[in-house]
file entry.cif (mmCIF, C-alpha atoms)
data_input
loop_
_atom_site.label_atom_id
_atom_site.label_comp_id
_atom_site.auth_asym_id
_atom_site.auth_seq_id
_atom_site.Cartn_x
_atom_site.Cartn_y
_atom_site.Cartn_z
CA MET A 1 -8.85 10.67 -24.07
CA LYS A 2 -7.59 7.36 -22.69
CA SER A 3 -4.17 8.86 -22.04
CA ALA A 4 -5.82 11.73 -20.16
CA TRP A 5 -7.54 9.25 -17.85
CA ILE A 6 -4.25 7.53 -17.17
CA ILE A 7 -2.50 10.81 -16.34
CA LEU A 8 -5.36 11.96 -14.09
CA TRP A 9 -5.38 8.68 -12.21
CA SER A 10 -1.59 8.78 -11.79
CA ILE A 11 -1.74 12.27 -10.31
CA CYS A 12 -4.44 11.20 -7.84
CA VAL A 13 -2.38 8.21 -6.78
CA LEU A 14 0.89 10.06 -6.39
CA ALA A 15 -0.61 13.05 -4.63
CA CYS A 16 -2.21 11.25 -1.71
CA ASN A 17 -0.20 10.42 1.36
CA SER A 18 -1.96 10.65 4.70
CA GLU A 19 -0.34 12.07 7.79
CA LEU A 20 0.33 9.12 10.06
CA GLU A 21 -0.60 8.95 13.72
CA ASP A 22 2.28 10.05 15.91
CA PRO A 23 1.98 10.52 19.70
CA ALA A 24 4.79 13.08 19.62
CA ALA A 25 2.83 15.22 17.23
CA ILE A 26 -0.21 15.55 19.51
CA ASP A 27 -0.71 19.04 20.82
CA ALA A 28 -0.44 19.45 24.60
CA SER A 29 -4.00 20.77 24.71
CA GLU A 30 -5.21 17.38 23.47
CA HIS A 31 -3.87 15.66 26.58
CA LEU A 32 -5.41 15.45 30.04
CA GLN A 33 -5.07 18.78 31.86
CA VAL A 34 -5.77 19.59 35.51
CA SER A 35 -6.44 23.04 36.90
CA ALA A 36 -7.72 24.47 40.18
CA SER A 37 -9.74 27.54 41.08
CA ARG A 38 -7.30 28.19 43.93
CA THR A 39 -3.85 26.64 44.24
CA ALA A 40 -3.37 27.79 47.83
CA ILE A 41 -5.92 27.40 50.60
CA THR A 42 -5.85 27.65 54.36
CA ALA A 43 -5.35 24.43 56.29
CA LYS A 44 -7.97 23.49 58.81
CA ASN A 45 -7.41 25.00 62.27
CA LYS A 46 -9.61 25.89 65.17
CA THR A 47 -9.19 29.67 65.01
CA THR A 48 -9.04 30.82 61.37
CA SER A 49 -10.63 27.93 59.49
CA PRO A 50 -12.51 25.49 61.71
CA LYS A 51 -13.98 23.52 58.73
CA GLY A 52 -11.09 23.95 56.36
CA GLU A 53 -11.22 25.70 52.98
CA THR A 54 -12.21 24.31 49.59
CA THR A 55 -10.87 24.58 46.05
CA ARG A 56 -12.49 23.49 42.82
CA ILE A 57 -10.34 21.18 40.68
CA PHE A 58 -11.07 20.46 37.02
CA ALA A 59 -9.83 17.67 34.79
CA ARG A 60 -10.05 18.66 31.14
CA LEU A 61 -10.21 16.24 28.20
CA PRO A 62 -10.61 16.85 24.47
CA LYS A 63 -14.26 16.65 23.45
CA LYS A 64 -13.58 13.87 20.92
CA ALA A 65 -12.42 11.61 23.77
CA GLY A 66 -16.07 11.12 24.67
CA VAL A 67 -17.62 10.84 28.12
CA GLN A 68 -15.10 9.13 30.36
CA ASP A 69 -14.54 8.44 34.05
CA VAL A 70 -11.79 10.49 35.66
CA SER A 71 -10.23 9.18 38.88
CA PHE A 72 -9.01 11.78 41.35
CA SER A 73 -6.80 11.14 44.36
CA THR A 74 -5.16 13.43 46.86
CA THR A 75 -2.31 13.08 49.35
CA ALA A 76 -4.16 15.20 51.96
CA GLY A 77 -7.59 16.66 52.49
CA LYS A 78 -10.82 15.10 51.30
CA PHE A 79 -13.06 15.36 48.28
CA LEU A 80 -16.52 16.62 49.14
CA GLU A 81 -18.11 14.32 46.57
CA SER A 82 -16.91 11.14 48.33
CA ALA A 83 -15.77 12.36 51.74
CA SER A 84 -12.56 10.45 51.13
CA ASP A 85 -9.17 10.98 49.48
CA ASP A 86 -10.24 9.55 46.13
CA VAL A 87 -13.24 9.94 43.87
CA LYS A 88 -14.36 9.04 40.39
CA GLN A 89 -16.14 11.69 38.34
CA LEU A 90 -17.70 11.62 34.88
CA ALA A 91 -16.29 14.11 32.37
CA ASP A 92 -19.71 15.00 30.98
CA SER A 93 -19.62 18.77 31.13
CA VAL A 94 -18.90 20.15 27.67
CA ASN A 95 -17.56 23.62 27.02
CA GLY A 96 -16.23 24.41 23.56
CA GLU A 97 -13.86 21.72 22.37
CA TYR A 98 -13.35 20.23 25.83
CA ARG A 99 -15.05 18.09 28.44
CA TYR A 100 -14.64 18.75 32.14
CA ALA A 101 -14.83 16.59 35.27
CA PRO A 102 -15.01 18.80 38.40
CA VAL A 103 -14.30 17.88 42.06
CA THR A 104 -14.07 19.91 45.25
CA LEU A 105 -11.18 19.41 47.67
CA ARG A 106 -11.44 20.47 51.31
CA SER A 107 -8.27 21.06 53.29
CA ASP A 108 -7.44 19.27 56.53
CA THR A 109 -4.89 20.04 59.19
CA THR A 110 -1.96 19.03 56.99
CA LYS A 111 0.28 21.91 56.02
CA GLY A 112 2.42 22.12 52.94
CA PRO A 113 2.08 20.99 49.33
CA VAL A 114 -0.68 18.48 48.55
CA TYR A 115 -0.62 16.47 45.34
CA VAL A 116 -3.92 15.95 43.53
CA THR A 117 -3.76 13.44 40.70
CA ALA A 118 -6.27 12.91 37.92
CA GLU A 119 -6.16 9.73 35.86
CA VAL A 120 -7.91 8.68 32.67
CA LYS A 121 -6.93 5.47 30.95
CA SER A 122 -3.15 5.52 30.76
CA GLN A 123 -2.81 9.26 31.23
CA ARG A 124 -2.11 10.87 34.60
CA GLN A 125 -1.78 14.52 35.45
CA ARG A 126 -0.93 16.15 38.80
CA ILE A 127 -1.47 19.55 40.35
CA ILE A 128 -0.03 20.95 43.62
CA ILE A 129 -2.34 22.66 46.08
CA ASN A 130 -0.67 24.38 49.01
CA PHE A 131 -2.36 24.05 52.41
CA ASN A 132 -1.15 27.07 54.39
CA MET B 133 4.43 -40.35 -6.62
CA PRO B 134 5.17 -36.78 -5.70
CA ARG B 135 2.64 -34.29 -7.03
CA TYR B 136 5.18 -32.25 -8.98
CA LEU B 137 6.26 -35.33 -10.92
CA HIS B 138 2.64 -35.92 -11.79
CA THR B 139 2.33 -32.35 -13.06
CA LEU B 140 5.55 -32.69 -15.02
CA ALA B 141 4.30 -35.88 -16.64
CA LEU B 142 1.07 -34.13 -17.64
CA LEU B 143 3.03 -31.25 -19.14
CA CYS B 144 5.15 -33.66 -21.17
CA LEU B 145 2.05 -35.43 -22.45
CA ALA B 146 0.50 -32.11 -23.44
CA HIS B 147 3.70 -31.15 -25.22
CA ALA B 148 3.76 -34.44 -27.07
CA GLY B 149 0.10 -34.01 -28.02
CA LEU B 150 0.80 -30.62 -29.55
CA ALA B 151 3.72 -32.00 -31.49
CA GLN B 152 1.48 -34.69 -33.02
CA ASN B 153 -0.89 -32.07 -34.43
CA LYS B 154 1.90 -30.50 -36.37
CA PRO B 155 1.67 -31.27 -40.10
CA GLU B 156 4.51 -33.34 -41.42
CA ASP B 157 7.53 -31.64 -42.93
CA ILE B 158 6.46 -28.30 -41.54
CA GLU B 159 8.31 -26.50 -38.84
CA VAL B 160 6.00 -24.74 -36.43
CA MET B 161 7.39 -21.39 -35.37
CA PRO B 162 7.78 -21.10 -31.61
CA GLY B 163 5.31 -18.69 -30.09
CA VAL B 164 2.95 -18.91 -33.05
CA THR B 165 -0.65 -19.87 -32.26
CA MET B 166 -1.92 -22.50 -34.67
CA VAL B 167 -5.53 -22.28 -35.86
CA GLU B 168 -7.13 -25.09 -37.81
CA LEU B 169 -9.64 -24.34 -40.52
CA ASP B 170 -11.80 -27.28 -41.45
CA CYS B 171 -12.49 -26.80 -45.16
CA ALA B 172 -15.34 -29.29 -45.14
CA THR B 173 -17.36 -27.40 -42.53
CA ASN B 174 -15.64 -23.99 -42.92
CA THR B 175 -15.12 -23.74 -39.16
CA LEU B 176 -12.14 -22.58 -37.16
CA SER B 177 -10.74 -24.56 -34.25
CA ARG B 178 -10.32 -21.42 -32.15
CA ALA B 179 -10.58 -17.65 -32.36
CA ILE B 180 -7.98 -15.90 -34.45
CA PRO B 181 -5.56 -14.19 -32.03
CA TYR B 182 -4.94 -10.46 -32.08
CA ASP B 183 -1.66 -8.67 -31.45
CA ALA B 184 0.19 -11.94 -32.00
CA PRO B 185 1.38 -14.09 -34.87
CA PHE B 186 -0.66 -17.10 -35.85
CA GLY B 187 -0.64 -19.95 -38.30
CA LEU B 188 -3.40 -21.53 -40.36
CA ILE B 189 -3.67 -25.24 -40.96
CA LEU B 190 -6.24 -26.33 -43.53
CA LYS B 191 -7.89 -29.60 -42.67
CA ASN B 192 -9.94 -31.65 -45.10
CA PRO B 193 -9.06 -29.65 -48.20
CA PRO B 194 -10.95 -30.52 -51.43
CA LYS B 195 -9.74 -33.65 -53.12
CA ASP B 196 -6.91 -33.52 -55.65
CA VAL B 197 -6.15 -29.84 -55.17
CA THR B 198 -2.47 -29.04 -54.99
CA THR B 199 -2.32 -25.34 -54.25
CA ALA B 200 -4.06 -23.00 -51.85
CA THR B 201 -4.00 -19.27 -52.45
CA PHE B 202 -4.84 -17.01 -49.52
CA TYR B 203 -6.39 -13.58 -49.61
CA PHE B 204 -6.63 -11.77 -46.36
CA GLY B 205 -7.55 -8.26 -45.30
CA LYS B 206 -9.88 -6.13 -43.29
CA ALA B 207 -13.49 -6.84 -44.12
CA ASP B 208 -14.33 -3.20 -44.72
CA ALA B 209 -11.51 -3.07 -47.26
CA GLN B 210 -12.64 -6.20 -49.03
CA SER B 211 -13.05 -4.44 -52.34
CA LYS B 212 -9.53 -3.06 -52.01
CA LEU B 213 -7.83 -6.39 -51.40
CA PRO B 214 -4.81 -6.82 -53.62
CA ALA B 215 -5.42 -8.50 -56.93
CA GLN B 216 -2.46 -10.73 -56.25
CA PRO B 217 -2.88 -13.34 -53.55
CA VAL B 218 -1.20 -12.78 -50.24
CA MET B 219 0.57 -16.10 -50.43
CA THR B 220 0.43 -19.36 -52.28
CA TYR B 221 1.47 -22.51 -50.52
CA ASN B 222 1.79 -25.97 -51.86
CA LYS B 223 0.30 -28.96 -50.23
CA SER B 224 2.47 -30.60 -47.64
CA GLY B 225 1.50 -34.07 -46.55
CA GLU B 226 -2.20 -34.18 -45.90
CA ALA B 227 -2.64 -30.57 -44.83
CA PHE B 228 -2.00 -27.10 -46.08
CA TYR B 229 -0.06 -25.01 -43.74
CA LEU B 230 0.35 -21.29 -43.64
CA ALA B 231 2.14 -19.54 -40.85
CA PHE B 232 2.35 -15.83 -40.26
CA PRO B 233 5.24 -15.52 -37.91
CA LYS B 234 5.72 -11.85 -38.67
CA SER B 235 3.10 -9.23 -39.05
CA ARG B 236 4.95 -7.71 -41.94
CA GLU B 237 4.02 -10.60 -44.10
CA PHE B 238 0.45 -9.60 -43.58
CA PHE B 239 0.40 -5.89 -43.45
CA GLY B 240 3.57 -4.70 -45.01
CA LYS B 241 2.74 -1.04 -44.77
CA ASP B 242 1.56 -0.54 -41.19
CA GLY B 243 3.53 -3.41 -39.70
CA ARG B 244 0.87 -4.45 -37.23
CA TYR B 245 -0.69 -7.67 -36.10
CA LEU B 246 -4.41 -8.24 -36.29
CA GLU B 247 -6.40 -5.77 -34.29
CA PRO B 248 -8.79 -6.90 -31.56
CA ASN B 249 -12.53 -6.91 -32.18
CA THR B 250 -12.11 -6.54 -35.91
CA VAL B 251 -13.67 -8.48 -38.73
CA TYR B 252 -11.28 -9.74 -41.40
CA TYR B 253 -12.02 -11.28 -44.74
CA LEU B 254 -10.35 -14.56 -45.64
CA LYS B 255 -10.63 -16.27 -48.99
CA ILE B 256 -8.82 -19.41 -50.02
CA ASP B 257 -8.67 -20.43 -53.67
CA PHE B 258 -7.86 -24.07 -54.18
CA GLY B 259 -6.24 -24.99 -57.43
CA MET B 260 -4.62 -27.77 -59.35
CA GLU B 261 -2.42 -27.99 -62.37
CA ASP B 262 -4.09 -28.74 -65.67
CA PRO B 263 -2.35 -31.91 -66.92
CA LEU B 264 -2.64 -30.75 -70.52
CA THR B 265 -1.68 -27.11 -70.34
CA LYS B 266 0.39 -27.41 -67.13
CA LYS B 267 -1.23 -24.18 -65.93
CA PRO B 268 -2.94 -23.73 -62.57
CA VAL B 269 -6.71 -24.01 -62.64
CA LEU B 270 -9.06 -22.74 -59.98
CA VAL B 271 -11.01 -25.65 -58.55
CA SER B 272 -12.96 -24.11 -55.69
CA SER B 273 -13.05 -21.09 -53.46
CA LEU B 274 -13.63 -20.87 -49.71
CA PRO B 275 -14.58 -17.39 -48.55
CA ARG B 276 -15.32 -16.53 -44.95
CA SER B 277 -14.92 -13.81 -42.42
CA VAL B 278 -12.89 -14.14 -39.24
CA PHE B 279 -13.35 -12.08 -36.14
CA THR B 280 -10.61 -11.33 -33.63
CA ARG B 281 -12.92 -11.72 -30.71
CA THR B 282 -12.02 -10.46 -27.25
CA ARG B 283 -13.47 -11.56 -23.94
CA MET B 284 -14.16 -9.54 -20.85
CA GLY B 285 -11.23 -11.32 -19.24
CA ASP B 286 -8.86 -9.78 -21.79
CA TYR B 287 -9.39 -6.41 -20.11
CA PHE B 288 -8.77 -7.70 -16.58
CA LYS B 289 -5.55 -9.32 -15.43
CA ALA B 290 -4.73 -10.58 -11.97
CA ASP B 291 -1.30 -10.48 -10.40
CA PHE B 292 0.55 -10.92 -7.13
CA GLY B 293 3.74 -9.49 -5.74
CA PHE B 294 5.34 -7.26 -3.17
CA GLY B 295 5.29 -3.58 -2.43
CA TYR B 296 7.17 -1.08 -0.33
CA ALA B 297 5.63 2.01 1.20
CA PRO B 298 8.36 4.51 2.19
CA ASN B 299 6.06 6.48 4.47
CA THR B 300 5.27 3.50 6.70
CA GLN B 301 8.46 1.62 5.84
CA ALA B 302 6.19 -1.34 5.25
CA VAL B 303 6.84 -4.29 3.00
CA THR B 304 3.58 -5.82 1.88
CA GLY B 305 2.38 -8.81 -0.07
CA ASN B 306 -0.26 -7.81 -2.60
CA THR B 307 -2.69 -9.32 -5.03
CA SER B 308 -4.65 -7.18 -7.43
CA VAL B 309 -6.76 -7.03 -10.55
CA HIS B 310 -5.68 -4.71 -13.34
CA LEU B 311 -8.07 -3.03 -15.71
CA TYR B 312 -6.76 -2.19 -19.16
CA LEU B 313 -8.24 0.17 -21.67
CA LYS B 314 -7.19 -2.19 -24.48
CA PRO B 315 -7.63 -5.97 -24.49
CA ILE B 316 -4.50 -7.88 -23.57
CA ASN B 317 -3.38 -10.99 -25.35
CA ARG B 318 -0.83 -12.62 -23.07
CA ASP B 319 0.67 -14.49 -26.00
CA ALA B 320 1.50 -11.24 -27.74
CA ASP B 321 5.13 -10.23 -27.61
CA LEU B 322 5.22 -6.62 -26.44
CA GLY B 323 8.61 -6.17 -28.02
CA LYS B 324 7.22 -6.85 -31.46
CA LEU B 325 4.34 -4.43 -31.37
CA ASN B 326 4.69 -1.16 -33.17
CA GLY B 327 3.37 2.22 -32.19
CA PHE B 328 4.05 4.38 -29.15
CA GLY B 329 0.36 4.81 -28.33
CA LYS B 330 -0.26 1.10 -28.48
CA HIS B 331 2.66 0.45 -26.16
CA VAL B 332 1.26 2.91 -23.63
CA LEU B 333 -2.22 1.41 -23.74
CA LEU B 334 -1.05 -2.19 -23.61
CA ARG B 335 1.25 -1.52 -20.69
CA SER B 336 -0.66 0.86 -18.46
CA SER B 337 -3.49 -0.22 -16.23
CA PHE B 338 -5.57 0.82 -13.26
CA PHE B 339 -5.71 -1.66 -10.45
CA PHE B 340 -7.56 -2.50 -7.28
CA GLY B 341 -6.66 -5.21 -4.86
CA LEU B 342 -5.81 -6.43 -1.42
CA SER B 343 -2.69 -6.45 0.63
CA PRO B 344 -3.28 -9.36 3.00
CA LEU B 345 0.27 -9.47 4.26
CA THR B 346 2.35 -6.81 6.00
CA ILE B 347 5.78 -8.30 6.48
CA ALA B 348 7.37 -5.35 8.22
CA SER B 349 6.45 -1.82 9.09
CA SER B 350 7.83 0.96 11.20
CA THR B 351 5.25 3.42 12.42
CA GLU B 352 4.69 5.16 15.75
CA MET B 353 1.21 3.66 15.91
CA PRO B 354 0.72 0.13 14.57
CA ILE B 355 -1.03 -0.45 11.28
CA VAL B 356 -4.46 -2.02 11.63
CA LYS B 357 -5.90 -4.00 8.75
CA LEU B 358 -8.67 -2.22 6.92
CA THR B 359 -10.64 -5.44 6.45
CA PRO B 360 -10.23 -8.86 8.01
CA VAL B 361 -8.57 -10.07 4.80
CA GLY B 362 -6.15 -7.20 4.46
CA ASN B 363 -5.61 -3.65 3.37
CA PHE B 364 -7.07 -2.17 0.22
CA ILE B 365 -4.72 -1.12 -2.55
CA TYR B 366 -5.29 0.81 -5.75
CA GLY B 367 -3.17 2.57 -8.27
CA PHE B 368 -1.49 2.55 -11.62
CA GLY B 369 0.41 -0.33 -13.19
CA TRP B 370 3.04 -0.50 -15.89
CA ARG B 371 3.30 -3.88 -17.52
CA SER B 372 6.64 -5.39 -18.57
CA PRO B 373 8.72 -2.46 -17.31
CA PHE B 374 12.02 -4.03 -18.25
CA TYR B 375 11.11 -5.60 -21.56
CA GLY B 376 10.25 -4.87 -25.13
CA TYR B 377 11.17 -1.24 -25.75
CA GLY B 378 13.72 -1.92 -28.44
CA GLY B 379 12.52 -5.19 -29.90
CA GLY B 380 11.53 -8.43 -28.32
CA GLY B 381 11.94 -12.14 -28.42
CA GLY B 382 14.37 -14.32 -26.61
CA LYS B 383 14.04 -16.16 -23.37
CA ALA B 384 14.14 -12.96 -21.33
CA ARG B 385 10.54 -12.47 -22.35
CA THR B 386 9.52 -15.52 -20.36
CA PHE B 387 10.23 -13.82 -17.07
CA LEU B 388 10.23 -10.14 -17.91
CA GLN B 389 6.99 -9.77 -19.83
CA PRO B 390 4.64 -11.04 -17.07
CA MET B 391 6.25 -8.59 -14.65
CA ARG B 392 4.51 -5.39 -13.63
CA LEU B 393 5.63 -2.25 -11.84
CA THR B 394 2.90 -0.73 -9.73
CA PHE B 395 2.52 2.71 -8.19
CA GLY B 396 -0.34 3.00 -5.82
CA GLU B 397 -1.82 3.65 -2.45
CA VAL B 398 -2.24 1.18 0.35
CA VAL B 399 -5.26 2.04 2.49
CA PHE B 400 -5.11 0.95 6.11
CA LYS B 401 -6.30 1.97 9.56
CA GLN B 402 -4.46 3.38 12.53
CA ASN B 403 -5.52 3.90 16.10
CA ASN B 404 -5.58 7.48 17.26
CA ALA B 405 -2.22 8.39 18.75
CA ASN B 406 -3.97 10.14 21.63
CA PRO B 407 -4.67 7.44 24.24
CA LEU B 408 -7.67 9.44 25.43
CA VAL B 409 -9.37 9.14 22.08
CA GLU B 410 -10.70 5.74 21.13
CA SER B 411 -11.00 6.09 17.40
CA VAL B 412 -9.57 4.51 14.31
CA SER B 413 -8.85 6.59 11.27
CA VAL B 414 -8.35 5.47 7.69
CA LYS B 415 -4.97 6.39 6.22
CA GLN B 416 -3.25 5.78 2.95
CA ALA B 417 0.36 5.66 1.95
CA PHE B 418 2.04 5.68 -1.42
CA TYR B 419 3.83 2.48 -2.37
CA ILE B 420 5.84 1.00 -5.20
CA GLY B 421 5.41 -2.63 -6.06
CA LEU B 422 6.70 -5.33 -8.32
CA THR B 423 4.17 -7.96 -9.27
CA TYR B 424 3.87 -10.98 -11.47
CA ASP B 425 0.96 -12.17 -13.60
CA LEU B 426 -1.18 -14.60 -11.67
CA SER B 427 -1.43 -17.30 -14.31
CA LEU B 428 -0.15 -20.66 -13.25
CA ALA B 429 -1.09 -22.17 -16.57
CA GLY B 430 0.80 -19.41 -18.33
CA LEU B 431 3.78 -19.85 -16.05
CA PHE B 432 3.98 -23.56 -16.78
CA GLY B 433 3.62 -22.74 -20.45
CA HIS B 434 6.54 -20.33 -20.29
CA ILE B 435 8.67 -22.85 -18.44
CA SER B 436 7.91 -25.49 -21.04
CA LYS B 437 8.98 -23.03 -23.74
CA LEU B 438 12.33 -22.67 -22.05
CA THR B 439 13.00 -26.33 -22.72
CA GLU B 440 12.54 -25.85 -26.44
CA PRO B 441 15.75 -25.73 -28.47
#
call {"tool": "encode", "arguments": {"input": "entry.cif", "output": "structure tokens"}}
result
Amino acid sequence: MKSAWIILWSICVLACNSELEDPAAIDASEHLQVSASRTAITAKNKTTSPKGETTRIFARLPKKAGVQDVSFSTTAGKFLESASDDVKQLADSVNGEYRYAPVTLRSDTTKGPVYVTAEVKSQRQRIIINFN
Amino acid sequence: MPRYLHTLALLCLAHAGLAQNKPEDIEVMPGVTMVELDCATNTLSRAIPYDAPFGLILKNPPKDVTTATFYFGKADAQSKLPAQPVMTYNKSGEAFYLAFPKSREFFGKDGRYLEPNTVYYLKIDFGMEDPLTKKPVLVSSLPRSVFTRTRMGDYFKADFGFGYAPNTQAVTGNTSVHLYLKPINRDADLGKLNGFGKHVLLRSSFFFGLSPLTIASSTEMPIVKLTPVGNFIYGFGWRSPFYGYGGGGGKARTFLQPMRLTFGEVVFKQNNANPLVESVSVKQAFYIGLTYDLSLAGLFGHISKLTEP
């Protein structure tokens, strides 16, 4: 009986080895992701788009990251939420295994690619919106 | 005066004190625990050791007796004790002295030392020679039982040492407490014990402890201590891994018997590798360690034995 306890204990000890934390092993879906409802919008002009067009941009975080502030910035256009080229939004909208922080970008007269960057802690992610 | 010289002086005094207790003309076997039996009060100076040889010194024997005949056996087999005495020793100086350096002198058939937590029966017949007939005459008899008592501490042994966890490539300093299923007598020579089962039980242990020191590690995410005093460790220990399989004795025992090979798990914490997630998870990694009995008194004792001829 005593020997059985020893063998059982030995098996338990030798069988357990946790998987260690490794940044390289983290799935891409667990990182910060940015997406847009439209990646090409019309630039502001007097004839076709006097106010400019808007696109909805989402920053997505894994749900287990908790509610966090996401900082957005853009190289052109303005965010409706702040009426400026940067804004801070709370990622408090939960859908499935993810949290979302949404912002709305309105185009200005600039034409060409516009870089919108989202930043949380040390992670940054960028998306290109074309102002045509 | 440096502190180590002070300690050394104390050790020498203790050694000299032990030597003075030795009866004259009698050579005390090294490694044999001496137990004094006061015949006047029928009391023992200390508990009879188990799993190890011991010697009996009779103090205050009855006057004028010249021989002491010993009968010894398990108490439950008292009625089956041999009709012939185990040994007869003559008086030497002022004390009778009987040493049992080898278990075989006691239990010729099973070749084992006294078992722990067992009651034994001891009877000593004192005799003298009849001046007329020149034949031995029984003068008095001293029966008593002796108990190889164990303490709770005999099941728990502390140690310290180092370990290596291949998974984390970490070298750690550990201290732990081992739990044995059989009581451990540190004075017992593992090399002189018989029986495969006994060897397994006297060598194997379960342990729990702390790893307060991580000397080096190589992980993608740093290791975080589980508690402020260190990481938790647990596992399986094998005592004296390099000693006593084919006989014992010798000075190698001094350093090899207190050694212990340990196989266990070190439990620690790691920050989540995802910088977005602020969480700490508990991990464990297998490690192999080499430890040494944490007994400074015992260590000094062993060192003093090395100086014996």
call {"tool": "interface_residues", "arguments": {"input": "entry.cif", "of": "chain A", "to": "chain B", "cutoff": "6 Å", "atoms": "all atoms listed in the file", "output": "list in words"}}
result
Val13, Asn17, Ser18, Glu21, Asp22, Pro23 and Ala65 of chain A
call {"tool": "write_last_selection", "arguments": {"input": "entry.cif", "atoms": "C-alpha atoms", "output": "CSV table (one decimal), keeping the file's coordinate frame"}}
result
chain,number,residue,atom,x,y,z
A,13,VAL,CA,-2.4,8.2,-6.8
A,17,ASN,CA,-0.2,10.4,1.4
A,18,SER,CA,-2.0,10.6,4.7
A,21,GLU,CA,-0.6,9.0,13.7
A,22,ASP,CA,2.3,10.0,15.9
A,23,PRO,CA,2.0,10.5,19.7
A,65,ALA,CA,-12.4,11.6,23.8
call {"tool": "resolve_selection", "arguments": {"input": "entry.cif", "expression": "the PyMOL selection byres ((chain B and resi 172) around 10)", "output": "list in words"}}
result
Leu169, Asp170, Cys171, Thr173, Asn174, Thr175, Leu190, Lys191, Asn192, Pro193, Pro194 and Leu274 of chain B
call {"tool": "axis_aligned_box", "arguments": {"input": "entry.cif", "around": "region 372-378 of chain B", "padding_each_side": "6 Å", "output": "lines of an AutoDock Vina configuration file"}}
result
center_x = 10.2
center_y = -3.4
center_z = -22.9
size_x = 19.1
size_y = 16.4
size_z = 23.1
call {"tool": "residues_around", "arguments": {"input": "entry.cif", "residues": "Phe79 (chain A)", "least_positions_apart": "3", "cutoff": "12 Å", "atoms": "all atoms listed in the file", "output": "PyMOL selection string"}}
result
chain A and resi 52-57+71-76+82-89+102-108+116
call {"tool": "residues_around", "arguments": {"input": "entry.cif", "residues": "region 122-124 of chain A", "least_positions_apart": "3", "cutoff": "9 Å", "atoms": "all atoms listed in the file", "output": "JSON, numbers by chain"}}
result
{"A": [31, 32, 33, 117, 118, 119], "B": [407, 408]}
call {"tool": "atom_distance", "arguments": {"input": "entry.cif", "atom1": "CA of Gln389 (chain B)", "atom2": "CA of Ser308 (chain B)"}}
result
17.2 Å
call {"tool": "atom_distance", "arguments": {"input": "entry.cif", "atom1": "CA of Pro113 (chain A)", "atom2": "CA of Ser29 (chain A)"}}
result
25.4 Å
call {"tool": "atom_distance", "arguments": {"input": "entry.cif", "atom1": "CA of Gln125 (chain A)", "atom2": "CA of Leu80 (chain A)"}}
result
20.2 Å
call {"tool": "residues_around", "arguments": {"input": "entry.cif", "residues": "Lys255 (chain B)", "least_positions_apart": "5", "cutoff": "10 Å", "atoms": "all atoms listed in the file", "output": "ChimeraX atom specification"}}
result
/B:200-205,217,273-277
call {"tool": "resolve_selection", "arguments": {"input": "entry.cif", "expression": "the PyMOL selection byres ((chain B and resi 311) around 7)", "output": "list in words"}}
result
Tyr287, Phe288, Lys289, Val309, His310, Tyr312, Leu313, Ser337, Phe338 and Phe339 of chain B
call {"tool": "resolve_selection", "arguments": {"input": "entry.cif", "expression": "the PyMOL selection byres ((chain B and resi 259) around 8)", "output": "JSON list (two decimals) with C-alpha atoms, in the coordinates of the input"}}
result
[["chain", "number", "residue", "atom", "x", "y", "z"],
["B", 197, "VAL", "CA", -6.15, -29.84, -55.17],
["B", 198, "THR", "CA", -2.47, -29.04, -54.99],
["B", 199, "THR", "CA", -2.32, -25.34, -54.25],
["B", 200, "ALA", "CA", -4.06, -23.00, -51.85],
["B", 201, "THR", "CA", -4.00, -19.27, -52.45],
["B", 257, "ASP", "CA", -8.67, -20.43, -53.67],
["B", 258, "PHE", "CA", -7.86, -24.07, -54.18],
["B", 260, "MET", "CA", -4.62, -27.77, -59.35],
["B", 261, "GLU", "CA", -2.42, -27.99, -62.37],
["B", 268, "PRO", "CA", -2.94, -23.73, -62.57],
["B", 269, "VAL", "CA", -6.71, -24.01, -62.64],
["B", 270, "LEU", "CA", -9.06, -22.74, -59.98],
["B", 271, "VAL", "CA", -11.01, -25.65, -58.55],
["B", 272, "SER", "CA", -12.96, -24.11, -55.69]]
call {"tool": "residues_around", "arguments": {"input": "entry.cif", "residues": "Thr109 (chain A)", "least_positions_apart": "5", "cutoff": "8 Å", "atoms": "only C-alpha atoms", "output": "PDB file with C-alpha atoms, in the frame of the given file"}}
result
ATOM      1  CA  ALA A  43      -5.350  24.430  56.290  1.00  0.00           C
ATOM      2  CA  LYS A  44      -7.970  23.490  58.810  1.00  0.00           C
ATOM      3  CA  ASN A  45      -7.410  25.000  62.270  1.00  0.00           C
ATOM      4  CA  GLY A  52     -11.090  23.950  56.360  1.00  0.00           C
ATOM      5  CA  GLY A  77      -7.590  16.660  52.490  1.00  0.00           C
TER       6      GLY A  77
END
